[in-house]
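Data from upload-v2.cif: mmCIF, C-alpha atoms and all ligand atoms
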```cif
data_start
loop_
_atom_site.label_atom_id
_atom_site.label_comp_id
_atom_site.auth_asym_id
_atom_site.auth_seq_id
_atom_site.Cartn_x
_atom_site.Cartn_y
_atom_site.Cartn_z
CA MET A 1388 -27.15 -22.22 -34.83
CA ASN A 1389 -26.78 -25.74 -36.19
CA GLU A 1390 -28.50 -27.17 -39.28
CA LEU A 1391 -30.86 -29.38 -37.33
CA MET A 1392 -32.02 -26.40 -35.25
CA ARG A 1393 -32.83 -24.57 -38.49
CA GLU A 1394 -34.77 -27.58 -39.76
CA LEU A 1395 -36.67 -27.90 -36.47
CA GLN A 1396 -37.58 -24.20 -36.54
CA GLU A 1397 -38.98 -24.67 -40.02
CA ILE A 1398 -40.99 -27.79 -39.10
CA ILE A 1399 -42.42 -26.11 -35.98
CA THR A 1400 -43.24 -22.88 -37.84
CA GLN A 1401 -45.15 -24.85 -40.47
CA GLU A 1402 -46.75 -27.60 -38.38
CA GLY A 1403 -46.84 -26.20 -34.85
CA PRO A 1404 -45.15 -27.75 -31.79
CA ILE A 1405 -43.95 -31.33 -32.27
CA SER A 1406 -44.11 -34.14 -29.72
CA LEU A 1407 -41.08 -34.77 -27.51
CA GLU A 1408 -40.95 -38.20 -29.14
CA ARG A 1409 -40.52 -36.73 -32.61
CA TYR A 1410 -37.96 -34.22 -31.34
CA MET A 1411 -35.90 -36.98 -29.76
CA SER A 1412 -36.16 -39.13 -32.84
CA LEU A 1413 -34.92 -36.30 -35.10
CA ALA A 1414 -32.16 -35.24 -32.69
CA LEU A 1415 -30.80 -38.79 -32.45
CA SER A 1416 -31.53 -40.35 -35.81
CA HIS A 1417 -31.91 -37.60 -38.43
CA PRO A 1418 -30.07 -39.21 -41.37
CA ARG A 1419 -27.84 -36.17 -41.93
CA TYR A 1420 -27.77 -34.10 -38.76
CA GLY A 1421 -28.77 -36.62 -36.09
CA TYR A 1422 -26.51 -37.44 -33.17
CA TYR A 1423 -25.66 -41.01 -34.20
CA ALA A 1424 -25.11 -39.97 -37.81
CA THR A 1425 -22.62 -37.23 -36.99
CA ARG A 1426 -20.94 -37.73 -33.64
CA GLU A 1427 -18.43 -40.13 -32.13
CA PRO A 1428 -20.27 -40.73 -28.89
CA PHE A 1429 -18.20 -43.40 -27.20
CA GLY A 1430 -15.22 -43.35 -24.89
CA ALA A 1431 -13.39 -40.93 -22.67
CA ALA A 1432 -13.11 -38.42 -25.56
CA GLY A 1433 -16.76 -38.92 -26.51
CA ASP A 1434 -19.99 -38.19 -24.71
CA PHE A 1435 -20.43 -41.34 -22.66
CA VAL A 1436 -18.75 -44.66 -21.85
CA THR A 1437 -20.60 -47.96 -22.23
CA ALA A 1438 -19.77 -51.24 -20.50
CA PRO A 1439 -18.17 -53.00 -23.52
CA GLU A 1440 -15.89 -49.97 -23.95
CA ILE A 1441 -14.83 -50.24 -20.31
CA SER A 1442 -13.62 -53.82 -20.47
CA GLN A 1443 -13.41 -56.83 -22.79
CA MET A 1444 -14.75 -58.92 -19.87
CA PHE A 1445 -18.26 -57.60 -20.47
CA GLY A 1446 -18.59 -58.83 -24.07
CA GLU A 1447 -16.70 -62.05 -23.34
CA LEU A 1448 -19.08 -63.04 -20.56
CA ILE A 1449 -22.03 -62.26 -22.84
CA GLY A 1450 -20.46 -64.47 -25.54
CA LEU A 1451 -20.19 -67.35 -23.06
CA TRP A 1452 -23.78 -66.68 -21.94
CA ALA A 1453 -24.90 -66.87 -25.58
CA ALA A 1454 -23.06 -70.17 -26.13
CA GLU A 1455 -24.75 -71.75 -23.12
CA VAL A 1456 -28.20 -70.37 -23.93
CA TRP A 1457 -27.88 -71.62 -27.51
CA ARG A 1458 -27.04 -75.09 -26.16
CA LEU A 1459 -30.02 -74.98 -23.77
CA CYS A 1460 -32.28 -74.01 -26.67
CA GLY A 1461 -31.13 -77.10 -28.55
CA ALA A 1462 -31.07 -74.95 -31.67
CA GLN A 1463 -29.32 -75.96 -34.89
CA GLU A 1464 -26.32 -74.19 -36.37
CA PRO A 1465 -25.56 -71.62 -37.57
CA ILE A 1466 -25.56 -69.84 -34.25
CA ARG A 1467 -27.33 -66.64 -35.18
CA MET A 1468 -26.07 -63.67 -33.15
CA VAL A 1469 -28.10 -60.49 -33.50
CA GLU A 1470 -27.18 -57.20 -31.88
CA LEU A 1471 -29.48 -54.20 -31.63
CA GLY A 1472 -27.60 -50.88 -31.68
CA PRO A 1473 -24.03 -52.31 -31.71
CA GLY A 1474 -22.21 -48.96 -31.33
CA ARG A 1475 -18.56 -49.56 -32.27
CA GLY A 1476 -19.04 -53.33 -32.49
CA THR A 1477 -16.83 -53.89 -29.44
CA LEU A 1478 -19.31 -56.05 -27.52
CA MET A 1479 -19.92 -58.31 -30.52
CA ALA A 1480 -16.17 -58.70 -31.20
CA ASP A 1481 -15.47 -59.71 -27.58
CA ALA A 1482 -18.51 -62.02 -27.55
CA LEU A 1483 -17.49 -63.74 -30.81
CA ARG A 1484 -13.97 -64.40 -29.51
CA ALA A 1485 -15.38 -66.02 -26.36
CA LEU A 1486 -18.02 -67.92 -28.30
CA ARG A 1487 -15.37 -69.38 -30.58
CA SER A 1488 -13.19 -70.31 -27.63
CA VAL A 1489 -15.89 -72.62 -26.27
CA ARG A 1490 -17.55 -73.78 -29.49
CA GLY A 1491 -14.46 -74.12 -31.66
CA ARG A 1492 -13.59 -72.04 -34.69
CA ALA A 1493 -15.31 -74.41 -37.07
CA ASN A 1494 -18.73 -73.74 -35.62
CA ALA A 1495 -20.96 -71.85 -37.95
CA ILE A 1496 -21.86 -68.39 -36.63
CA GLU A 1497 -23.88 -65.79 -38.46
CA VAL A 1498 -23.91 -62.17 -37.29
CA HIS A 1499 -26.76 -59.71 -37.83
CA LEU A 1500 -26.53 -56.10 -36.71
CA VAL A 1501 -29.50 -53.77 -36.48
CA GLU A 1502 -28.15 -50.25 -36.85
CA THR A 1503 -29.55 -46.97 -38.18
CA SER A 1504 -26.32 -44.96 -38.34
CA PRO A 1505 -24.25 -45.35 -41.55
CA ARG A 1506 -21.23 -43.92 -39.74
CA LEU A 1507 -21.37 -46.51 -36.96
CA THR A 1508 -22.03 -49.23 -39.54
CA ASP A 1509 -18.63 -48.41 -41.09
CA ILE A 1510 -16.91 -48.67 -37.72
CA GLN A 1511 -18.67 -51.99 -37.00
CA ARG A 1512 -17.50 -53.30 -40.39
CA GLN A 1513 -13.90 -52.51 -39.45
CA THR A 1514 -14.21 -54.00 -35.96
CA LEU A 1515 -15.75 -57.28 -37.13
CA GLY A 1516 -13.92 -57.75 -40.46
CA ALA A 1517 -11.16 -59.87 -38.92
CA PHE A 1518 -13.55 -62.62 -37.84
CA GLU A 1519 -14.22 -63.78 -41.39
CA LEU A 1520 -17.83 -64.50 -40.54
CA PRO A 1521 -20.93 -63.56 -42.47
CA VAL A 1522 -22.07 -60.20 -41.05
CA SER A 1523 -25.13 -58.38 -42.34
CA TRP A 1524 -26.67 -55.05 -41.41
CA HIS A 1525 -30.36 -54.33 -41.10
CA ALA A 1526 -32.47 -51.25 -40.59
CA SER A 1527 -34.98 -53.15 -38.46
CA ILE A 1528 -35.43 -56.56 -36.84
CA ALA A 1529 -38.09 -57.48 -39.41
CA GLU A 1530 -35.25 -58.00 -41.92
CA ILE A 1531 -33.47 -60.73 -39.94
CA PRO A 1532 -33.94 -64.16 -41.51
CA ALA A 1533 -36.30 -66.54 -39.70
CA GLY A 1534 -35.03 -69.10 -37.18
CA ALA A 1535 -33.71 -69.18 -33.63
CA ALA A 1536 -31.40 -66.28 -32.73
CA ILE A 1537 -29.64 -64.74 -29.74
CA PHE A 1538 -30.48 -61.03 -29.49
CA ILE A 1539 -28.17 -58.74 -27.54
CA ALA A 1540 -29.12 -55.15 -26.69
CA ASN A 1541 -26.77 -53.12 -24.50
CA GLU A 1542 -27.75 -49.48 -23.96
CA PHE A 1543 -30.10 -49.78 -26.94
CA PHE A 1544 -33.53 -49.33 -25.38
CA ASP A 1545 -32.44 -46.15 -23.55
CA ALA A 1546 -31.68 -44.56 -26.93
CA LEU A 1547 -35.24 -44.88 -28.21
CA PRO A 1548 -37.55 -41.85 -28.15
CA VAL A 1549 -39.98 -41.34 -25.27
CA GLN A 1550 -43.22 -39.45 -24.85
CA HIS A 1551 -43.93 -37.37 -21.75
CA PHE A 1552 -47.44 -37.03 -20.38
CA VAL A 1553 -48.04 -34.39 -17.75
CA ARG A 1554 -51.02 -34.47 -15.37
CA THR A 1555 -52.75 -31.08 -15.40
CA GLU A 1556 -56.04 -29.85 -13.97
CA ASN A 1557 -57.55 -30.73 -17.37
CA GLY A 1558 -56.28 -34.30 -17.41
CA TRP A 1559 -53.19 -35.73 -19.09
CA CYS A 1560 -51.41 -33.51 -21.63
CA GLU A 1561 -48.50 -34.37 -23.88
CA ARG A 1562 -45.20 -32.54 -23.63
CA ALA A 1563 -44.37 -30.84 -26.90
CA VAL A 1564 -41.42 -28.90 -28.28
CA GLY A 1565 -42.23 -25.48 -29.75
CA LEU A 1566 -40.53 -22.10 -30.19
CA ASP A 1567 -40.42 -19.24 -27.69
CA GLY A 1568 -40.51 -15.50 -28.50
CA LYS A 1569 -36.82 -15.58 -29.50
CA ARG A 1570 -37.41 -18.61 -31.75
CA LYS A 1571 -35.52 -20.82 -29.32
CA LEU A 1572 -36.77 -24.35 -28.67
CA ALA A 1573 -39.01 -24.52 -25.61
CA PHE A 1574 -41.12 -27.16 -23.91
CA GLY A 1575 -44.88 -26.74 -23.82
CA LEU A 1576 -47.97 -28.86 -23.34
CA ARG A 1577 -50.76 -29.84 -25.65
CA PRO A 1578 -53.98 -31.73 -25.06
CA TYR A 1579 -53.80 -35.45 -25.64
CA ALA A 1580 -56.60 -37.99 -25.78
CA ALA A 1581 -54.75 -40.33 -23.48
CA GLU A 1582 -57.36 -43.04 -22.99
CA GLU A 1583 -54.65 -45.63 -22.44
CA ILE A 1584 -53.35 -43.79 -19.36
CA ARG A 1585 -55.46 -45.18 -16.57
CA LEU A 1586 -53.04 -44.10 -13.88
CA THR A 1587 -54.30 -41.64 -11.29
CA ALA A 1588 -51.59 -39.25 -10.24
CA PRO A 1589 -51.41 -35.83 -8.58
CA GLU A 1590 -51.25 -32.71 -10.73
CA GLY A 1591 -47.77 -32.04 -12.04
CA SER A 1592 -46.88 -35.73 -12.31
CA VAL A 1593 -44.99 -36.76 -15.42
CA LEU A 1594 -45.35 -40.16 -17.03
CA GLU A 1595 -42.62 -41.23 -19.42
CA LEU A 1596 -43.47 -43.89 -22.00
CA SER A 1597 -41.62 -45.29 -24.97
CA ALA A 1598 -43.97 -46.70 -27.58
CA GLU A 1599 -41.02 -47.59 -29.81
CA ALA A 1600 -39.25 -49.55 -27.05
CA ARG A 1601 -42.42 -51.52 -26.32
CA HIS A 1602 -43.04 -52.13 -29.99
CA ILE A 1603 -39.51 -53.45 -30.64
CA MET A 1604 -39.55 -55.60 -27.50
CA ARG A 1605 -42.90 -57.07 -28.43
CA ALA A 1606 -41.70 -57.93 -31.95
CA VAL A 1607 -38.50 -59.62 -30.69
CA ALA A 1608 -40.40 -61.53 -28.00
CA ALA A 1609 -43.02 -62.74 -30.50
CA ARG A 1610 -40.24 -63.95 -32.73
CA ILE A 1611 -38.49 -65.79 -29.88
CA ALA A 1612 -41.82 -67.35 -28.85
CA SER A 1613 -42.30 -68.82 -32.31
CA GLU A 1614 -38.73 -69.37 -33.58
CA GLY A 1615 -36.69 -69.95 -30.41
CA GLY A 1616 -33.53 -68.31 -29.11
CA ALA A 1617 -33.28 -65.57 -26.50
CA LEU A 1618 -32.77 -61.88 -25.91
CA LEU A 1619 -30.48 -60.24 -23.38
CA ALA A 1620 -31.13 -56.56 -22.70
CA ILE A 1621 -28.86 -54.56 -20.40
CA ASP A 1622 -29.61 -50.95 -19.67
CA TYR A 1623 -30.05 -48.40 -16.93
CA GLY A 1624 -33.55 -48.13 -15.69
CA HIS A 1625 -36.18 -48.98 -13.13
CA THR A 1626 -38.05 -52.19 -12.41
CA GLN A 1627 -41.47 -50.60 -11.75
CA THR A 1628 -43.51 -48.27 -13.94
CA GLN A 1629 -43.68 -45.05 -11.97
CA CYS A 1630 -44.22 -41.35 -12.50
CA GLY A 1631 -41.12 -39.26 -12.96
CA GLU A 1632 -39.01 -38.08 -15.86
CA THR A 1633 -35.53 -39.32 -16.66
CA LEU A 1634 -34.85 -37.75 -20.04
CA GLN A 1635 -31.25 -36.62 -20.06
CA ALA A 1636 -28.81 -35.03 -22.48
CA MET A 1637 -25.09 -35.78 -22.29
CA ARG A 1638 -22.17 -34.13 -23.93
CA SER A 1639 -18.51 -34.80 -23.11
CA ASN A 1640 -19.60 -36.91 -20.12
CA ARG A 1641 -21.61 -33.94 -18.69
CA PHE A 1642 -25.34 -33.31 -18.41
CA VAL A 1643 -26.65 -30.51 -20.65
CA ASP A 1644 -30.04 -29.02 -21.62
CA PRO A 1645 -31.83 -31.48 -23.97
CA LEU A 1646 -33.10 -28.64 -26.18
CA ASP A 1647 -29.67 -27.05 -26.59
CA ALA A 1648 -27.80 -27.91 -29.78
CA PRO A 1649 -30.06 -30.73 -31.05
CA GLY A 1650 -28.08 -33.54 -32.68
CA GLU A 1651 -24.91 -32.58 -30.80
CA CYS A 1652 -25.66 -34.29 -27.51
CA ASP A 1653 -26.85 -37.76 -26.66
CA LEU A 1654 -30.46 -37.98 -25.48
CA THR A 1655 -31.54 -40.96 -23.41
CA ALA A 1656 -34.18 -41.95 -20.90
CA HIS A 1657 -34.14 -44.65 -18.25
CA VAL A 1658 -35.66 -47.90 -19.41
CA ASP A 1659 -38.97 -48.94 -17.88
CA PHE A 1660 -38.27 -52.67 -17.47
CA ALA A 1661 -41.78 -53.34 -16.15
CA ALA A 1662 -43.28 -51.96 -19.38
CA LEU A 1663 -40.87 -54.08 -21.44
CA ALA A 1664 -41.75 -57.16 -19.38
CA ARG A 1665 -45.46 -56.59 -20.05
CA ALA A 1666 -44.70 -56.38 -23.80
CA VAL A 1667 -42.81 -59.70 -23.60
CA GLU A 1668 -45.63 -61.46 -21.78
CA ALA A 1669 -48.22 -60.07 -24.18
CA ALA A 1670 -46.20 -61.66 -26.99
CA GLY A 1671 -46.28 -65.08 -25.27
CA ALA A 1672 -42.64 -65.28 -24.17
CA ARG A 1673 -40.97 -65.64 -20.74
CA VAL A 1674 -39.21 -62.82 -18.88
CA HIS A 1675 -36.12 -63.55 -16.75
CA GLY A 1676 -35.14 -60.84 -14.27
CA PRO A 1677 -34.52 -57.99 -14.35
CA VAL A 1678 -31.56 -58.41 -12.04
CA THR A 1679 -28.87 -55.83 -11.35
CA GLN A 1680 -25.86 -55.77 -13.67
CA ALA A 1681 -23.73 -56.58 -10.60
CA ALA A 1682 -25.76 -59.73 -9.89
CA PHE A 1683 -25.79 -60.78 -13.55
CA LEU A 1684 -22.05 -60.35 -14.12
CA SER A 1685 -21.18 -61.95 -10.78
CA ALA A 1686 -23.33 -64.98 -11.59
CA LEU A 1687 -21.48 -65.30 -14.89
CA GLY A 1688 -18.15 -65.25 -13.03
CA ILE A 1689 -16.72 -61.80 -13.72
CA ALA A 1690 -14.50 -61.94 -10.61
CA GLU A 1691 -12.91 -65.22 -11.79
CA ARG A 1692 -12.51 -63.83 -15.30
CA ALA A 1693 -10.71 -60.75 -13.89
CA ARG A 1694 -8.39 -62.97 -11.84
CA MET A 1695 -7.56 -65.02 -14.93
CA LEU A 1696 -6.80 -61.95 -17.05
CA LYS A 1697 -4.61 -60.55 -14.29
CA ARG A 1698 -2.40 -63.62 -14.35
CA ASN A 1699 -1.04 -62.54 -17.74
CA ALA A 1700 -1.07 -58.81 -17.03
CA ASN A 1701 1.66 -56.40 -15.93
CA PRO A 1702 0.96 -54.31 -12.79
CA ALA A 1703 -0.54 -51.38 -14.73
CA GLN A 1704 -2.79 -53.68 -16.74
CA GLY A 1705 -3.74 -55.52 -13.54
CA GLU A 1706 -4.79 -52.25 -11.97
CA ALA A 1707 -6.85 -51.35 -15.06
CA ILE A 1708 -8.64 -54.71 -14.81
CA ASP A 1709 -9.51 -54.00 -11.16
CA VAL A 1710 -10.77 -50.50 -12.00
CA ALA A 1711 -12.96 -51.91 -14.80
CA LEU A 1712 -14.30 -54.66 -12.56
CA THR A 1713 -15.28 -52.09 -9.93
CA ARG A 1714 -16.86 -49.75 -12.47
CA LEU A 1715 -18.99 -52.54 -13.96
CA THR A 1716 -20.18 -54.08 -10.71
CA ASP A 1717 -19.97 -51.45 -7.98
CA CYS A 1718 -23.31 -50.70 -6.34
CA ALA A 1719 -22.24 -48.07 -3.83
CA THR A 1720 -20.76 -45.12 -5.73
CA PRO A 1721 -22.36 -42.85 -8.37
CA THR A 1722 -19.94 -44.01 -11.11
CA GLY A 1723 -20.58 -47.68 -10.38
CA MET A 1724 -22.84 -49.37 -12.92
CA GLY A 1725 -23.70 -52.38 -10.76
CA GLN A 1726 -27.00 -51.23 -9.31
CA LEU A 1727 -28.48 -48.74 -11.79
CA PHE A 1728 -27.95 -51.04 -14.76
CA LYS A 1729 -30.23 -54.06 -15.02
CA ALA A 1730 -30.18 -57.21 -17.12
CA MET A 1731 -33.35 -58.82 -18.41
CA ALA A 1732 -33.70 -61.85 -20.67
CA VAL A 1733 -36.46 -63.27 -22.83
CA THR A 1734 -36.93 -66.91 -23.85
CA GLN A 1735 -39.69 -69.29 -24.81
CA THR A 1736 -42.02 -70.01 -21.89
CA ASP A 1737 -40.76 -73.58 -21.31
CA MET A 1738 -37.22 -72.43 -20.56
CA ARG A 1739 -37.36 -71.96 -16.82
CA ALA A 1740 -33.74 -71.22 -15.96
CA ILE A 1741 -30.92 -69.58 -17.87
CA PRO A 1742 -27.45 -68.50 -16.74
CA GLY A 1743 -27.26 -65.22 -14.86
CA PHE A 1744 -30.85 -65.21 -13.68
CA PRO A 1745 -31.92 -66.96 -10.49
CA ARG A 1746 -35.06 -69.03 -10.85
N1 LIG B 1801 -24.49 -51.16 -27.69
C1 LIG B 1801 -23.45 -50.18 -27.87
C2 LIG B 1801 -23.97 -48.79 -28.30
C3 LIG B 1801 -25.04 -48.13 -27.49
S1 LIG B 1801 -25.49 -46.55 -28.16
C4 LIG B 1801 -22.59 -50.10 -26.63
O1 LIG B 1801 -22.98 -50.66 -25.62
O2 LIG B 1801 -21.52 -49.50 -26.68
C5 LIG B 1801 -26.95 -46.89 -29.05
C6 LIG B 1801 -26.78 -47.59 -30.37
O3 LIG B 1801 -28.08 -47.83 -30.92
C7 LIG B 1801 -26.02 -46.87 -31.45
O4 LIG B 1801 -25.29 -47.83 -32.19
C8 LIG B 1801 -27.13 -46.25 -32.28
O5 LIG B 1801 -26.73 -45.88 -33.57
C9 LIG B 1801 -28.14 -47.36 -32.27
N2 LIG B 1801 -29.55 -46.99 -32.50
C10 LIG B 1801 -30.24 -45.95 -31.97
N3 LIG B 1801 -31.54 -45.98 -32.36
C11 LIG B 1801 -31.68 -47.08 -33.13
C12 LIG B 1801 -32.77 -47.68 -33.82
N4 LIG B 1801 -33.99 -47.15 -33.78
N5 LIG B 1801 -32.53 -48.83 -34.51
C13 LIG B 1801 -31.30 -49.37 -34.54
N6 LIG B 1801 -30.23 -48.85 -33.91
C14 LIG B 1801 -30.40 -47.72 -33.23
#
```

Please render this file's structure as structure tokens.
Ligand code: SAH
Amino acid sequence: MNELMRELQEIITQEGPISLERYMSLALSHPRYGYYATREPFGAAGDFVTAPEISQMFGELIGLWAAEVWRLCGAQEPIRMVELGPGRGTLMADALRALRSVRGRANAIEVHLVETSPRLTDIQRQTLGAFELPVSWHASIAEIPAGAAIFIANEFFDALPVQHFVRTENGWCERAVGLDGKRKLAFGLRPYAAEEIRLTAPEGSVLELSAEARHIMRAVAARIASEGGALLAIDYGHTQTQCGETLQAMRSNRFVDPLDAPGECDLTAHVDFAALARAVEAAGARVHGPVTQAAFLSALGIAERARMLKRNANPAQGEAIDVALTRLTDCATPTGMGQLFKAMAVTQTDMRAIPGFPR
């Protein structure tokens, strides 16, 4: 039994079953035993592969996107690049290289990373050290200095805890995590005064909500509305709020039971882009998209970028570039990220068109 399991047993014994949201939050972000604090999640040897780890093209195109959006905003230097949940820092490194290639090295760039894992912070420090740019780390977006900024969030919102509400004959109940007869973690239900759920749904329906995702999106959007800049969020998810549960646990690129070995597997849920869009609009900002990752990357010219890279590549490297291009944009096969992943942007309301998003 792992340490976090012991701690959870103690909490549940003392306080009773805890919400799924609290379970997920402890499993992912417990400062000592949480997943991001202890594990190396990324890459073929890790638990999952993210787009920036598949190919440098992904971060480079986002860097060029940021340069153009900054120009359209008419904002002053320094260009303030903020990333939420930067992982290994790969996306930011690729983006900074591309940004410098179009803006010139002399342009002032300031980097802000919002990260909760000390272990990943160390890796990010190593990845970004060579750029000789001011980089600062923050525990939350509230700490980022005022002014226009470009916010990037790739596979960030899917890592935030969700609540599950289950429709029963007695109305909506909340899914909770308790202990069974053998003191193993088990799902249960508890009553919940869910006035905010106005949805009518048949018995057995599950509604998945992330209060934290909505809260963070609303705060970033409010900031963009008043200070300028933009946010680009890329994640897997759906474009309509609908019943159904998508909580999943991954370990070594395989699906596992989310209650097994807490802190040792990655827990995520699909992002509800419609809920995020409502949070943006409530904050007085404009939503662009969501569009599929395939459409977004194609509009930014990923095919041309791949062709360019292949000109200087040997045959093996050329093949790797093709494989990466397919993985990032393919819409037809289960491993393709083109269709399931969506891109959504946020700007001030007067900015009608930005690269990557059709008007
Ligand atoms: N963007 C990266 C990593 C995605 S994994 C990539 O595409 O490869 C999710 C990242 O979000 C990790 O860096 C994790 O430590 C961070 N994270 C999770 N919850 C967070 C929170 N509440 N605040 C800030 N960062 C968080």

Please provide as a ChimeraX atom specification all residues within 10 Å of range 1638-1646 of chain A, with the sequence filter that same-chain residues fewer than 3 positions apart are discarded (counting all atoms listed in the file).
-> /A:1392,1410-1411,1414,1428-1436,1564,1571-1574,1634-1635,1649-1655

For the residues in the current selection, export C-alpha atoms as a PDB file, keeping the file's coordinate frame.
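Now in result_18.pdb:
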```pdb
ATOM      1  CA  MET A1392     -32.020 -26.400 -35.250  1.00  0.00           C
ATOM      2  CA  TYR A1410     -37.960 -34.220 -31.340  1.00  0.00           C
ATOM      3  CA  MET A1411     -35.900 -36.980 -29.760  1.00  0.00           C
ATOM      4  CA  ALA A1414     -32.160 -35.240 -32.690  1.00  0.00           C
ATOM      5  CA  PRO A1428     -20.270 -40.730 -28.890  1.00  0.00           C
ATOM      6  CA  PHE A1429     -18.200 -43.400 -27.200  1.00  0.00           C
ATOM      7  CA  GLY A1430     -15.220 -43.350 -24.890  1.00  0.00           C
ATOM      8  CA  ALA A1431     -13.390 -40.930 -22.670  1.00  0.00           C
ATOM      9  CA  ALA A1432     -13.110 -38.420 -25.560  1.00  0.00           C
ATOM     10  CA  GLY A1433     -16.760 -38.920 -26.510  1.00  0.00           C
ATOM     11  CA  ASP A1434     -19.990 -38.190 -24.710  1.00  0.00           C
ATOM     12  CA  PHE A1435     -20.430 -41.340 -22.660  1.00  0.00           C
ATOM     13  CA  VAL A1436     -18.750 -44.660 -21.850  1.00  0.00           C
ATOM     14  CA  VAL A1564     -41.420 -28.900 -28.280  1.00  0.00           C
ATOM     15  CA  LYS A1571     -35.520 -20.820 -29.320  1.00  0.00           C
ATOM     16  CA  LEU A1572     -36.770 -24.350 -28.670  1.00  0.00           C
ATOM     17  CA  ALA A1573     -39.010 -24.520 -25.610  1.00  0.00           C
ATOM     18  CA  PHE A1574     -41.120 -27.160 -23.910  1.00  0.00           C
ATOM     19  CA  LEU A1634     -34.850 -37.750 -20.040  1.00  0.00           C
ATOM     20  CA  GLN A1635     -31.250 -36.620 -20.060  1.00  0.00           C
ATOM     21  CA  PRO A1649     -30.060 -30.730 -31.050  1.00  0.00           C
ATOM     22  CA  GLY A1650     -28.080 -33.540 -32.680  1.00  0.00           C
ATOM     23  CA  GLU A1651     -24.910 -32.580 -30.800  1.00  0.00           C
ATOM     24  CA  CYS A1652     -25.660 -34.290 -27.510  1.00  0.00           C
ATOM     25  CA  ASP A1653     -26.850 -37.760 -26.660  1.00  0.00           C
ATOM     26  CA  LEU A1654     -30.460 -37.980 -25.480  1.00  0.00           C
ATOM     27  CA  THR A1655     -31.540 -40.960 -23.410  1.00  0.00           C
TER      28      THR A1655
END
```

Tell me which protein, DNA and RNA residues are within 9 Å of Phe1683 in chain A, counting all atoms listed in the file, leaving out same-chain ones fewer than 5 positions away, and put them as number ranges by chain.
-> A: 1678, 1688, 1729-1730, 1742-1744

Contacts of ligand LIG 1801 (chain B), 6 Å or closer, all atoms listed in the file, given as a list in words =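 What falls inside 6 Å of ligand LIG 1801 (chain B) is Tyr1423, Thr1437, Pro1439, Leu1471, Gly1472, Pro1473, Gly1474, Val1501, Glu1502, Thr1503, Ser1504, Asn1541, Glu1542, Phe1543, Ala1546 and Leu1547 of chain A.
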
Between CA of Glu1519 in chain A and CA of Leu1500 in chain A lies a distance of 15.2 Å

Would you mind reading off the distance between CA of Pro1465 in chain A and CA of Ile1449 in chain A, one decimal, in Å?
->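 Distance between the two atoms: 17.8 Å.
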
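By all atoms listed in the file, and with residues fewer than 6 positions from Arg1490 in chain A along its chain excluded, the set lying at most 12 Å from it is Gly1450, Leu1451, Ala1453, Ala1454, Glu1455, Trp1457, Arg1458, Glu1464, Pro1465, Ile1466, Ala1482, Leu1483, Arg1484 and Ile1496 of chain A.
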
For Ala1669 in chain A: contacts at 10 Å, only C-alpha atoms, fewer than 3 positions along chain excluded, given as a ChimeraX atom specification = /A:1605,1608-1609,1663-1666,1672-1673

Restrict the selected residues to C-alpha atoms and save them as a short mmCIF file (atom, residue, chain, number, x, y, z; two decimals), keeping the file's coordinate frame.
```cif
data_model
loop_
_atom_site.label_atom_id
_atom_site.label_comp_id
_atom_site.auth_asym_id
_atom_site.auth_seq_id
_atom_site.Cartn_x
_atom_site.Cartn_y
_atom_site.Cartn_z
CA ARG A 1605 -42.90 -57.07 -28.43
CA ALA A 1608 -40.40 -61.53 -28.00
CA ALA A 1609 -43.02 -62.74 -30.50
CA LEU A 1663 -40.87 -54.08 -21.44
CA ALA A 1664 -41.75 -57.16 -19.38
CA ARG A 1665 -45.46 -56.59 -20.05
CA ALA A 1666 -44.70 -56.38 -23.80
CA ALA A 1672 -42.64 -65.28 -24.17
CA ARG A 1673 -40.97 -65.64 -20.74
#
```

Could you make a table, as a Markdown table, of the residues of range 1611-1704 of chain A that have an atom within 9 Å of an atom of range 1578-1595 of chain A, each with its nearest atom pair and distance in Å to one decimal, counting only C-alpha atoms, in chain and number order?
```
| residue | atom | partner | partner_atom | distance |
| --- | --- | --- | --- | --- |
| A:Thr1628 | CA | A:Leu1594 | CA | 8.9 |
| A:Gln1629 | CA | A:Leu1594 | CA | 7.2 |
| A:Cys1630 | CA | A:Leu1594 | CA | 4.8 |
| A:Gly1631 | CA | A:Val1593 | CA | 5.2 |
| A:Glu1632 | CA | A:Glu1595 | CA | 6.0 |
| A:Thr1633 | CA | A:Glu1595 | CA | 7.8 |
| A:Leu1634 | CA | A:Glu1595 | CA | 8.5 |
| A:Ala1656 | CA | A:Glu1595 | CA | 8.6 |
| A:Asp1659 | CA | A:Glu1595 | CA | 8.7 |
```

State, in Å with one decimal place, the distance from CA of Lys1697 in chain A to CA of Leu1715 in chain A.
->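 These atoms are spaced 16.5 Å apart.
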
Show which residues sit within 9 Å of Arg1562 in chain A, as an MDAnalysis selection string. Count all atoms listed in the file, and ignore same-chain residues fewer than 5 positions away.
-> chainID A and resid 1405:1408 1550:1553 1574:1578

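Taking only C-alpha atoms into account, Gly1725 in chain A lies nearest to A:Ala1681 out of the set A:Ala1681, A:Ala1606, A:Val1658, A:Ile1689.
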
Selection as a PyMOL selection string: residues within 12 Å of (-24.9, -66.2, -36.1), counting all atoms listed in the file | chain A and resi 1450+1453-1454+1457+1462-1470+1479+1482-1483+1486-1487+1494-1500+1520-1523+1531-1539+1616

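Counting all atoms listed in the file, the residue from A:Arg1610, A:Arg1698, A:His1675, A:Arg1714 that sits nearest to Arg1746 in chain A is A:His1675.
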
Box along x, y and z, 6 Å on every side, all listed atoms of range 1398-1411 of chain A inside: centre and edge lengths in Å to one decimal, as lines of an AutoDock Vina configuration file.
```
center_x = -41.4
center_y = -30.5
center_z = -34.0
size_x = 22.9
size_y = 27.3
size_z = 25.0
```
